[in-house]
Every structure is written in structure tokens, then in C-alpha cells.
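Engineer: Below you will find the structure I want to go over with you.
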Amino acid sequence: MIEKKAKAIIVGGSIAGVSCAHALTSVGWEVVVLEKTSARPTGSPTGAGLGLDPLAQMLISSWLGHPQLLQQATLPLKIEQNQATDGSTKVSWTLTRDEEFNLRAAHWADLHALLYNALPRDIFFWGHQFISFSISEDKTSVKVKARVLQNDEIIEIDGNLLVAADGCLSLVRQSFLPDTKLRYSGYCAWRGVLDFSGKEDSETVKGIRKAYPDLGNCLYFDLSSGTHCVLYEVPNKRLNWLFCVNQPEPELKQNSVTLKVSEDMINKMIQEAEKVWVPEFVRVMKETMNPFLNAIYDCDPLRQIFWDNVVLIGDAAHPITPHGARSTNMSILDAAVLGKCLEKWGVENLLSALEDYQSIRLPVNSEQVLYSRRLGRIKQGLDLPNCKPFDLKNASPEDCNALQQKNMPFFVVGKATNRGAAASLRWRPPEGQKLKLNIMDGTIIANSLMVQLRVEY
């Protein structure tokens, strides 16, 4: 008699969802992925560039089975540079520079395609909108209802586990935590990707490379009075940029933090950019097709991320601001840890597996959400408790050091290679506290500053 596989229903087909599909299928689970969009995204209306840390690189490469695929789809970000620009004179100077950064830059759609193409097509239910779920009385199964958008048919799917990978506005999370609200950061972010293929010798590209000479190898953060921007190159001749603007909270529509923008709004954004940034950067903005605007939210750390046989991962578990380059990396690690916990305990001990997952991920998620919040407020020149706004012209070396990504709790350093990889987690726990990390092939105790982690594939 063939033993029936444990089955997980994953709500959400973004990077968190497809990562979870990899992590769970790799440990023998059957998965179904429900996604309301009608087909696999070939572009990204709500995302653009992203940075993958060494641990995320290792995990993705282990899922793909061909590490070179990830290398080919990404560019190195070996340097992180924080600099300041005087809006009136357009003179820039370096605040900090980390030449051991070791992230890799990807475009959201490229990474999603890599992960999606390495999975069976029949596990994806495109054009299926999650409606509701119910848990059996004995807590051993969950039934999910979804609407087929093409014909309005209602279907039901049974499984052992419901994984909510449905983003920062998660409907699954709302069913358990109806009073938990997103926290508006005080600013929005204009984002765009300039495709300069075939225009490598244009004045725009020559100019931006002169103004930011380490493009293609560097993640630039440029700070000015009450604002900051981000700039880096992604594969296939594209420049990813972000421009944060302090403003009142906008009205959200259609369950999305991405705002519909008009030509007039874009023109006003360019006018504001001209007041602050060097002309070379403004020219990149002007030539970018279809820039979009994200309202920046996070959420106070949750105290719980599973209930019976329902679990949260990705932005559903930890809505976070973008300043620590953590959202995608956290989602990938959530998926990997969940998979290992399920493998360790088995479906017959699902409660223990989810308790383990929660005990591992909650401390990490909470620390990183709060640190990213602080980093964003520093770079936007906003007030912090018991702290004056960041002074660009008079900042001490200690003040500038606080801008660096490597100070993020649990920041990962190291390299991923095609023969296996090693990485380190930077974290100093509270006095007397130990953090168990069942991440890969063993249990790792984070009771010192550095924790060594090895992944073989």
C-alpha cells in the first residue's frame, strides 16, 4: 500500500509562495499553490530589483539543482555605499562604504521565473482567488474555498496544512488577527527600472556611470535632506532605482500598497527629484517607463504566526519596510525553515513542527522588522525616540556606521559557490538567551556572535 503524501495548500504565488513550494516538495510534501492572477507574471507591477543575501542564494541554488542558473540571473553587489548629496549644490560625499557586502542583485520577475520553472506546472492554480478556510474538529485537516475567476465557480481543496503566503495585507492573517493593522511609515517610495539595452553609449548611461562609478557592483544609498534614494544595476542592462518621499498616508485601494499613478503625479515626482538629486540620476528617472509608487508600511512584530494547522510566511508573517533588503530574503528563509521543521516532525506531529518553526523565525523576524523601521526613519530624516534626526553634514563615524546593512540583526555574510557554501549570521543574543536554528542539516545554537552554517548541494 502506497502511503499518502502530506498535503499543503499555499495561498499566494509570489516569491514566498513558490519558495515554500520548493521547500515542502523537497521534503516529500504534496503542494497546491493558489494565486488570483490569471497567469505566471512575466513582469512585476509591484516589485522591481531586489538583493539576495548569501544564505538566500544557497537555499535557492539547492532548490534549483544548478547553482549557475542563479549566478547567471543576478549581478554581484560586493559593495554597499551610503553617501550624502547637498540638494542645493548637488555635491556628494561618502558616509560609509562596505566592500565585503556579498549580496547579488536580481529583478523580481527573473527570480520568480527561475523558481517557478523548476517546479511542476500542475501544482499551480492560476486565476484562483482565496475565499475562506475551515479547520477540521480534530485539527488534522483544513479545507480551503477558492473562486475560479474565469467562470466564478467555487472549488474546495482539502489538505493537512494551509500556508498563508498572501502578502502584507494577508486575508488569512486577518481571520486570526482582525485588529492587527499595518503601520504607515510616513513616506512613499517611487520605484522604476530603466532598460538601457542598446543604449549603453547614451549620454544618460554614460552620465549615471560617471556619477555612480561602481554601478554593476555596488548598492548605492544616497541621502539628502528629508529623503533618500537607492540605485543599483540588475541583469540584462537595467538600472533599478527608488526615491522615498515623506508625505501623508495615501488612501489604499484594491487591497494593494501600490498606488495608481497619473502622468501629472510622475511629472511632480520629477520636479521634486530635480530639487535634490544630481541631473544624471534625474535623467534616469525621466527615461524610465512606467514608474510606480509604493506606500511604505510595516507592522509591529506579531506574537504568533501559526494557529492549529495554519501558518504564515513571508510578508504575511512580517510586513517590513524595504530598507534592510530583507523582505525577499526573510521569505526564502521562512520557507526553508518551515520545510525542515515539517521534515523533522512529520505530518503526524504537525503542531510540534509549527511550534518549532515559530520559535525559530519569530525572534529573527521581530528584530529585523524593527531594525528596518529604524533604518528607514534615519535615512528619511524622521524623528526617532530619544534621538535627533540624522545630520548629514555633522554625522559622526558612529552615526554613519548605523546606516550599514551589516548591522541588521542576523545579517548574513559569506559566499555561495557551486561546490557548497558557508555563511555566517551576525547576532549577539540577550544575556543568557540561546536561539535554536534548525535551518539545514543540524541544530545550530546562536549563543555567540558568529554562527557558522553550511549548505551542501
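Following the order of the C-alpha cells, chains are lettered A, B, ..., residues in each are numbered from 1, and ligands are numbered from 1.
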Would you mind listing, for every residue of stretch 119-188 of chain A within 7 Å of stretch 7-10 of chain A, the two atoms forming the shortest contact and the distance between them in Å to one decimal, using only C-alpha atoms, sorted by chain and ascending residue number, as a tab-separated table?

Structural biologist:
```
residue	atom	partner	partner_atom	distance
A:Gly159	CA	A:Lys7	CA	4.9
A:Asn160	CA	A:Lys7	CA	5.3
A:Leu161	CA	A:Ala8	CA	4.6
A:Leu162	CA	A:Ile9	CA	4.9
A:Val163	CA	A:Ile10	CA	4.7
A:Ala164	CA	A:Ile10	CA	6.1
A:Ala165	CA	A:Ile10	CA	6.6
```

Engineer: Identify, on the basis of only C-alpha atoms, every residue whose closest approach to stretch 382-396 of chain A does not exceed 9 Å; exclude the query and any residue fewer than 3 positions from it along the same chain; express the result as a PDB file with N, CA, C and O atoms, in the first residue's frame.

Structural biologist:
```
ATOM      1  N   ALA A  84      25.950  61.086   0.818  1.00  0.00           N
ATOM      2  CA  ALA A  84      25.046  62.214   1.008  1.00  0.00           C
ATOM      3  C   ALA A  84      25.181  63.171  -0.162  1.00  0.00           C
ATOM      4  O   ALA A  84      26.256  63.302  -0.752  1.00  0.00           O
ATOM      5  N   THR A  85      24.079  63.820  -0.511  1.00  0.00           N
ATOM      6  CA  THR A  85      24.074  64.813  -1.583  1.00  0.00           C
ATOM      7  C   THR A  85      23.444  66.090  -1.067  1.00  0.00           C
ATOM      8  O   THR A  85      22.346  66.065  -0.489  1.00  0.00           O
ATOM      9  N   ASP A  86      24.129  67.192  -1.265  1.00  0.00           N
ATOM     10  CA  ASP A  86      23.601  68.516  -0.929  1.00  0.00           C
ATOM     11  C   ASP A  86      22.667  68.937  -2.059  1.00  0.00           C
ATOM     12  O   ASP A  86      23.096  69.113  -3.199  1.00  0.00           O
ATOM     13  N   LEU A  95      29.529  58.626   3.104  1.00  0.00           N
ATOM     14  CA  LEU A  95      29.318  58.482   4.546  1.00  0.00           C
ATOM     15  C   LEU A  95      29.906  57.171   5.052  1.00  0.00           C
ATOM     16  O   LEU A  95      30.602  57.143   6.056  1.00  0.00           O
ATOM     17  N   GLY A 186       5.225  56.923   7.066  1.00  0.00           N
ATOM     18  CA  GLY A 186       5.378  58.373   6.928  1.00  0.00           C
ATOM     19  C   GLY A 186       5.894  58.776   5.559  1.00  0.00           C
ATOM     20  O   GLY A 186       6.051  59.957   5.271  1.00  0.00           O
ATOM     21  N   LEU A 223      21.628  59.870   0.418  1.00  0.00           N
ATOM     22  CA  LEU A 223      20.799  60.581   1.384  1.00  0.00           C
ATOM     23  C   LEU A 223      20.865  62.076   1.146  1.00  0.00           C
ATOM     24  O   LEU A 223      21.929  62.626   0.851  1.00  0.00           O
ATOM     25  N   SER A 224      19.715  62.727   1.276  1.00  0.00           N
ATOM     26  CA  SER A 224      19.666  64.180   1.244  1.00  0.00           C
ATOM     27  C   SER A 224      18.704  64.625   2.335  1.00  0.00           C
ATOM     28  O   SER A 224      18.185  63.793   3.095  1.00  0.00           O
ATOM     29  N   SER A 225      18.428  65.892   2.417  1.00  0.00           N
ATOM     30  CA  SER A 225      17.593  66.414   3.496  1.00  0.00           C
ATOM     31  C   SER A 225      16.153  65.896   3.356  1.00  0.00           C
ATOM     32  O   SER A 225      15.461  66.217   2.399  1.00  0.00           O
ATOM     33  N   GLY A 226      15.726  65.060   4.314  1.00  0.00           N
ATOM     34  CA  GLY A 226      14.358  64.565   4.337  1.00  0.00           C
ATOM     35  C   GLY A 226      14.018  63.553   3.266  1.00  0.00           C
ATOM     36  O   GLY A 226      12.836  63.304   3.001  1.00  0.00           O
ATOM     37  N   ASN A 246       8.639  61.823   1.845  1.00  0.00           N
ATOM     38  CA  ASN A 246       7.800  61.977   3.027  1.00  0.00           C
ATOM     39  C   ASN A 246       6.466  62.612   2.623  1.00  0.00           C
ATOM     40  O   ASN A 246       6.455  63.657   1.944  1.00  0.00           O
ATOM     41  N   ARG A 374      13.705  51.415  11.869  1.00  0.00           N
ATOM     42  CA  ARG A 374      14.614  52.444  12.370  1.00  0.00           C
ATOM     43  C   ARG A 374      15.513  52.976  11.243  1.00  0.00           C
ATOM     44  O   ARG A 374      15.716  54.188  11.113  1.00  0.00           O
ATOM     45  N   GLY A 376      14.927  53.099   8.062  1.00  0.00           N
ATOM     46  CA  GLY A 376      14.166  53.955   7.166  1.00  0.00           C
ATOM     47  C   GLY A 376      13.955  55.346   7.728  1.00  0.00           C
ATOM     48  O   GLY A 376      14.056  56.345   7.005  1.00  0.00           O
ATOM     49  N   ARG A 377      13.658  55.428   9.007  1.00  0.00           N
ATOM     50  CA  ARG A 377      13.427  56.743   9.615  1.00  0.00           C
ATOM     51  C   ARG A 377      14.717  57.557   9.669  1.00  0.00           C
ATOM     52  O   ARG A 377      14.693  58.787   9.499  1.00  0.00           O
ATOM     53  N   ILE A 378      15.844  56.884   9.906  1.00  0.00           N
ATOM     54  CA  ILE A 378      17.127  57.597   9.886  1.00  0.00           C
ATOM     55  C   ILE A 378      17.373  58.180   8.498  1.00  0.00           C
ATOM     56  O   ILE A 378      17.699  59.370   8.352  1.00  0.00           O
ATOM     57  N   LYS A 379      17.197  57.357   7.463  1.00  0.00           N
ATOM     58  CA  LYS A 379      17.530  57.806   6.111  1.00  0.00           C
ATOM     59  C   LYS A 379      16.542  58.835   5.570  1.00  0.00           C
ATOM     60  O   LYS A 379      16.889  59.608   4.680  1.00  0.00           O
ATOM     61  N   ASP A 399      27.617  57.540  13.911  1.00  0.00           N
ATOM     62  CA  ASP A 399      26.305  57.797  13.306  1.00  0.00           C
ATOM     63  C   ASP A 399      26.233  57.184  11.914  1.00  0.00           C
ATOM     64  O   ASP A 399      25.236  56.548  11.542  1.00  0.00           O
ATOM     65  N   CYS A 400      27.285  57.372  11.126  1.00  0.00           N
ATOM     66  CA  CYS A 400      27.309  56.855   9.760  1.00  0.00           C
ATOM     67  C   CYS A 400      27.331  55.331   9.736  1.00  0.00           C
ATOM     68  O   CYS A 400      26.699  54.703   8.875  1.00  0.00           O
ATOM     69  N   ASN A 401      28.022  54.728  10.686  1.00  0.00           N
ATOM     70  CA  ASN A 401      28.099  53.274  10.740  1.00  0.00           C
ATOM     71  C   ASN A 401      26.724  52.647  10.929  1.00  0.00           C
ATOM     72  O   ASN A 401      26.462  51.539  10.443  1.00  0.00           O
TER      73      ASN A 401
END
```

Engineer: If you run DSSP on this backbone, which residues of stretch 82-266 of chain A come out as helix (DSSP H, G or I), and could you give them as number ranges by chain?

Structural biologist: A: 108-117, 121-123, 171-176, 203-211, 263-266

Engineer: Among stretch 226-442 of chain A, which residues does DSSP mark as strand (DSSP E) when it is run on the backbone? Keep the chain and numbering as in the structure and answer as a ChimeraX atom specification.

Structural biologist: /A:227-234,238-246,258-259,292-298,306-307,310-312,411-417,420-426,436-437

Engineer: If we count only C-alpha atoms, what is near A:Leu77 at a cut-off of 7 Å, once residues fewer than 6 positions away on the same chain are taken out, given as a PyMOL selection string?

Structural biologist: chain A and resi 101-105+217-219

Engineer: Generate the output file for the selected residues, N, CA and C atoms, as a compact mmCIF listing (two decimals), in the first residue's frame.

Structural biologist:
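Printed below is part_29.txt as written:
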```
# COMPACT_ATOMS: atom_id res chain seq x y z
N PHE A 101 30.29 43.19 1.08
CA PHE A 101 28.83 43.16 1.20
C PHE A 101 28.26 41.81 0.75
N ASN A 102 28.66 41.36 -0.44
CA ASN A 102 28.36 40.00 -0.91
C ASN A 102 26.89 39.66 -1.10
N LEU A 103 26.09 40.61 -1.53
CA LEU A 103 24.75 40.30 -1.99
C LEU A 103 24.77 40.17 -3.51
N ARG A 104 23.69 39.67 -4.08
CA ARG A 104 23.56 39.64 -5.53
C ARG A 104 22.23 40.27 -5.91
N ALA A 105 22.24 41.06 -6.98
CA ALA A 105 21.07 41.79 -7.43
C ALA A 105 20.29 40.98 -8.46
N ASN A 217 28.31 46.71 -9.44
CA ASN A 217 28.99 46.01 -8.35
C ASN A 217 28.63 46.59 -6.98
N CYS A 218 27.77 47.60 -6.98
CA CYS A 218 27.54 48.38 -5.76
C CYS A 218 26.07 48.69 -5.56
N LEU A 219 25.64 48.62 -4.31
CA LEU A 219 24.33 49.08 -3.88
C LEU A 219 24.51 50.48 -3.30
```

Engineer: Taking 5 positions as the minimum chain separation for residues in the same chain, which residues sit within 9 Å of A:Ser366 when counting only C-alpha atoms? Answer as a PyMOL selection string.

Structural biologist: chain A and resi 300-303+318+361+371

Engineer: Those same residues, written as a short mmCIF file (atom, residue, chain, number, x, y, z; two decimals), in the first residue's frame with N, CA and C atoms?

Structural biologist:
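Below is the file that was written, again_9.cif:
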```cif
data_model
loop_
_atom_site.label_atom_id
_atom_site.label_comp_id
_atom_site.auth_asym_id
_atom_site.auth_seq_id
_atom_site.Cartn_x
_atom_site.Cartn_y
_atom_site.Cartn_z
N ASP A 300 3.87 46.12 13.58
CA ASP A 300 4.53 45.74 14.82
C ASP A 300 4.66 44.22 14.86
N PRO A 301 5.80 43.71 15.36
CA PRO A 301 6.03 42.25 15.33
C PRO A 301 4.87 41.46 15.92
N LEU A 302 4.49 40.41 15.21
CA LEU A 302 3.43 39.54 15.68
C LEU A 302 3.94 38.66 16.82
N ARG A 303 3.04 38.25 17.69
CA ARG A 303 3.40 37.35 18.78
C ARG A 303 3.16 35.89 18.41
N HIS A 318 5.40 38.97 8.48
CA HIS A 318 6.24 40.08 8.96
C HIS A 318 6.30 41.20 7.92
N ARG A 361 11.66 31.40 13.86
CA ARG A 361 11.54 32.57 12.99
C ARG A 361 11.06 33.83 13.71
N TYR A 371 14.42 46.84 13.17
CA TYR A 371 15.66 47.49 12.73
C TYR A 371 15.45 48.17 11.38
#
```

Engineer: Which polymer residues have any atom within 10 Å of an atom of stretch 68-76 of chain A, counting only C-alpha atoms, with same-chain residues fewer than 4 positions away left out, as a PyMOL selection string?

Structural biologist: chain A and resi 50-52+57-58+60-61+64+101-107+110-111+114-115+216-219+232-236+416-418

Engineer: May I have the residues from that selection written out with C-alpha atoms, as a PDB file, in the first residue's frame?

Structural biologist:
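Result file is part04.pdb:
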```pdb
ATOM      1  CA  LEU A  50      15.983  43.033  -5.025  1.00  0.00           C
ATOM      2  CA  GLY A  51      19.144  41.886  -3.262  1.00  0.00           C
ATOM      3  CA  LEU A  52      19.775  38.273  -2.270  1.00  0.00           C
ATOM      4  CA  GLN A  57      21.487  32.339  -2.614  1.00  0.00           C
ATOM      5  CA  MET A  58      22.464  28.987  -1.116  1.00  0.00           C
ATOM      6  CA  ILE A  60      17.698  28.897  -3.985  1.00  0.00           C
ATOM      7  CA  SER A  61      20.652  27.132  -5.586  1.00  0.00           C
ATOM      8  CA  LEU A  64      17.252  24.664  -8.462  1.00  0.00           C
ATOM      9  CA  PHE A 101      28.834  43.158   1.196  1.00  0.00           C
ATOM     10  CA  ASN A 102      28.362  40.000  -0.912  1.00  0.00           C
ATOM     11  CA  LEU A 103      24.746  40.302  -1.990  1.00  0.00           C
ATOM     12  CA  ARG A 104      23.556  39.639  -5.527  1.00  0.00           C
ATOM     13  CA  ALA A 105      21.067  41.793  -7.433  1.00  0.00           C
ATOM     14  CA  ALA A 106      18.107  40.301  -9.266  1.00  0.00           C
ATOM     15  CA  HIS A 107      14.948  41.514 -10.924  1.00  0.00           C
ATOM     16  CA  ASP A 110      13.635  36.948 -13.212  1.00  0.00           C
ATOM     17  CA  LEU A 111      13.896  35.363  -9.759  1.00  0.00           C
ATOM     18  CA  LEU A 114      13.747  30.761 -12.010  1.00  0.00           C
ATOM     19  CA  LEU A 115      11.869  29.345  -9.038  1.00  0.00           C
ATOM     20  CA  GLY A 216      27.222  46.880 -11.580  1.00  0.00           C
ATOM     21  CA  ASN A 217      28.993  46.014  -8.349  1.00  0.00           C
ATOM     22  CA  CYS A 218      27.543  48.380  -5.755  1.00  0.00           C
ATOM     23  CA  LEU A 219      24.327  49.083  -3.883  1.00  0.00           C
ATOM     24  CA  TYR A 232      21.891  49.592  -8.439  1.00  0.00           C
ATOM     25  CA  GLU A 233      22.184  47.593 -11.641  1.00  0.00           C
ATOM     26  CA  VAL A 234      20.269  44.384 -12.323  1.00  0.00           C
ATOM     27  CA  PRO A 235      20.951  41.894 -15.154  1.00  0.00           C
ATOM     28  CA  ASN A 236      20.101  42.472 -18.807  1.00  0.00           C
ATOM     29  CA  ALA A 416      27.695  30.832  -2.086  1.00  0.00           C
ATOM     30  CA  THR A 417      29.605  28.687  -4.570  1.00  0.00           C
ATOM     31  CA  ASN A 418      28.760  25.783  -6.852  1.00  0.00           C
TER      32      ASN A 418
END
```

Engineer: Taking 3 positions as the minimum chain separation for residues in the same chain, which residues sit within 8 Å of stretch 321-330 of chain A when counting only C-alpha atoms? Answer as a PDB file with C-alpha atoms, in the first residue's frame.

Structural biologist:
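Written output follows (out.pdb):
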```pdb
ATOM      1  CA  ILE A  15       8.286  34.517  -4.337  1.00  0.00           C
ATOM      2  CA  ALA A  16       7.286  33.474  -0.811  1.00  0.00           C
ATOM      3  CA  LEU A  50      15.983  43.033  -5.025  1.00  0.00           C
ATOM      4  CA  GLY A  51      19.144  41.886  -3.262  1.00  0.00           C
ATOM      5  CA  LEU A  52      19.775  38.273  -2.270  1.00  0.00           C
ATOM      6  CA  ASP A  53      21.995  37.587   0.725  1.00  0.00           C
ATOM      7  CA  ALA A  56      19.132  33.008   0.295  1.00  0.00           C
ATOM      8  CA  SER A 185       5.949  54.704   7.753  1.00  0.00           C
ATOM      9  CA  ILE A 296       5.633  52.032   2.702  1.00  0.00           C
ATOM     10  CA  TYR A 297       4.137  50.064   5.573  1.00  0.00           C
ATOM     11  CA  ASP A 298       5.248  47.597   8.171  1.00  0.00           C
ATOM     12  CA  GLY A 314       6.787  35.943   4.093  1.00  0.00           C
ATOM     13  CA  ASP A 315       5.189  39.365   4.308  1.00  0.00           C
ATOM     14  CA  LEU A 333      14.366  31.543   4.867  1.00  0.00           C
ATOM     15  CA  ASP A 334      10.824  31.221   6.259  1.00  0.00           C
ATOM     16  CA  ASN A 365      11.586  38.440  12.117  1.00  0.00           C
ATOM     17  CA  GLN A 368      14.673  42.678  11.580  1.00  0.00           C
ATOM     18  CA  VAL A 369      11.293  44.414  11.193  1.00  0.00           C
ATOM     19  CA  TYR A 371      15.656  47.492  12.728  1.00  0.00           C
ATOM     20  CA  SER A 372      14.463  48.121   9.168  1.00  0.00           C
ATOM     21  CA  ARG A 373      11.889  50.564  10.534  1.00  0.00           C
ATOM     22  CA  LEU A 375      16.895  52.463   9.332  1.00  0.00           C
ATOM     23  CA  GLY A 376      14.166  53.955   7.166  1.00  0.00           C
ATOM     24  CA  GLN A 405      23.230  46.844   6.266  1.00  0.00           C
ATOM     25  CA  MET A 408      20.995  44.355  10.742  1.00  0.00           C
TER      26      MET A 408
END
```

Engineer: Which one is closest to A:Glu274: A:Lys199, A:Lys90, A:Lys181, A:Arg191? Count only C-alpha atoms.

Structural biologist: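 Between A:Lys199, A:Lys90, A:Lys181, A:Arg191, the residue approaching A:Glu274 most closely is A:Lys90.
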
Engineer: Kindly give the distance, in Å, that separates atom CA of A:Leu215 and atom CA of A:Asn240, rounded to a single decimal.

Structural biologist: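 Straight-line distance from atom CA of A:Leu215 to atom CA of A:Asn240 works out to 10.5 Å.
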
Engineer: Using only C-alpha atoms, which residue out of A:Leu354, A:Cys244, A:Val257, A:Ala6 lies closest to A:His228?

Structural biologist: A:Cys244

Engineer: Distance atom CA of A:Lys36-atom CA of A:Phe124, one decimal place?

Structural biologist: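 For atom CA of A:Lys36 relative to atom CA of A:Phe124, the distance reads 10.6 Å.
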
Engineer: Calculated over only C-alpha atoms, which of the candidates A:Tyr187, A:Leu194, A:Cys341, A:Phe243 has the smallest distance to A:Met289?

Structural biologist: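 Nearest candidate to A:Met289 out of A:Tyr187, A:Leu194, A:Cys341, A:Phe243: A:Leu194.
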
Engineer: Nearest to A:Trp108 among A:Val205, A:Val144, A:Val245, A:Ala48, with distances taken over only C-alpha atoms: which residue is it?

Structural biologist: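 With only C-alpha atoms as the atom set, the closest residue is A:Ala48.
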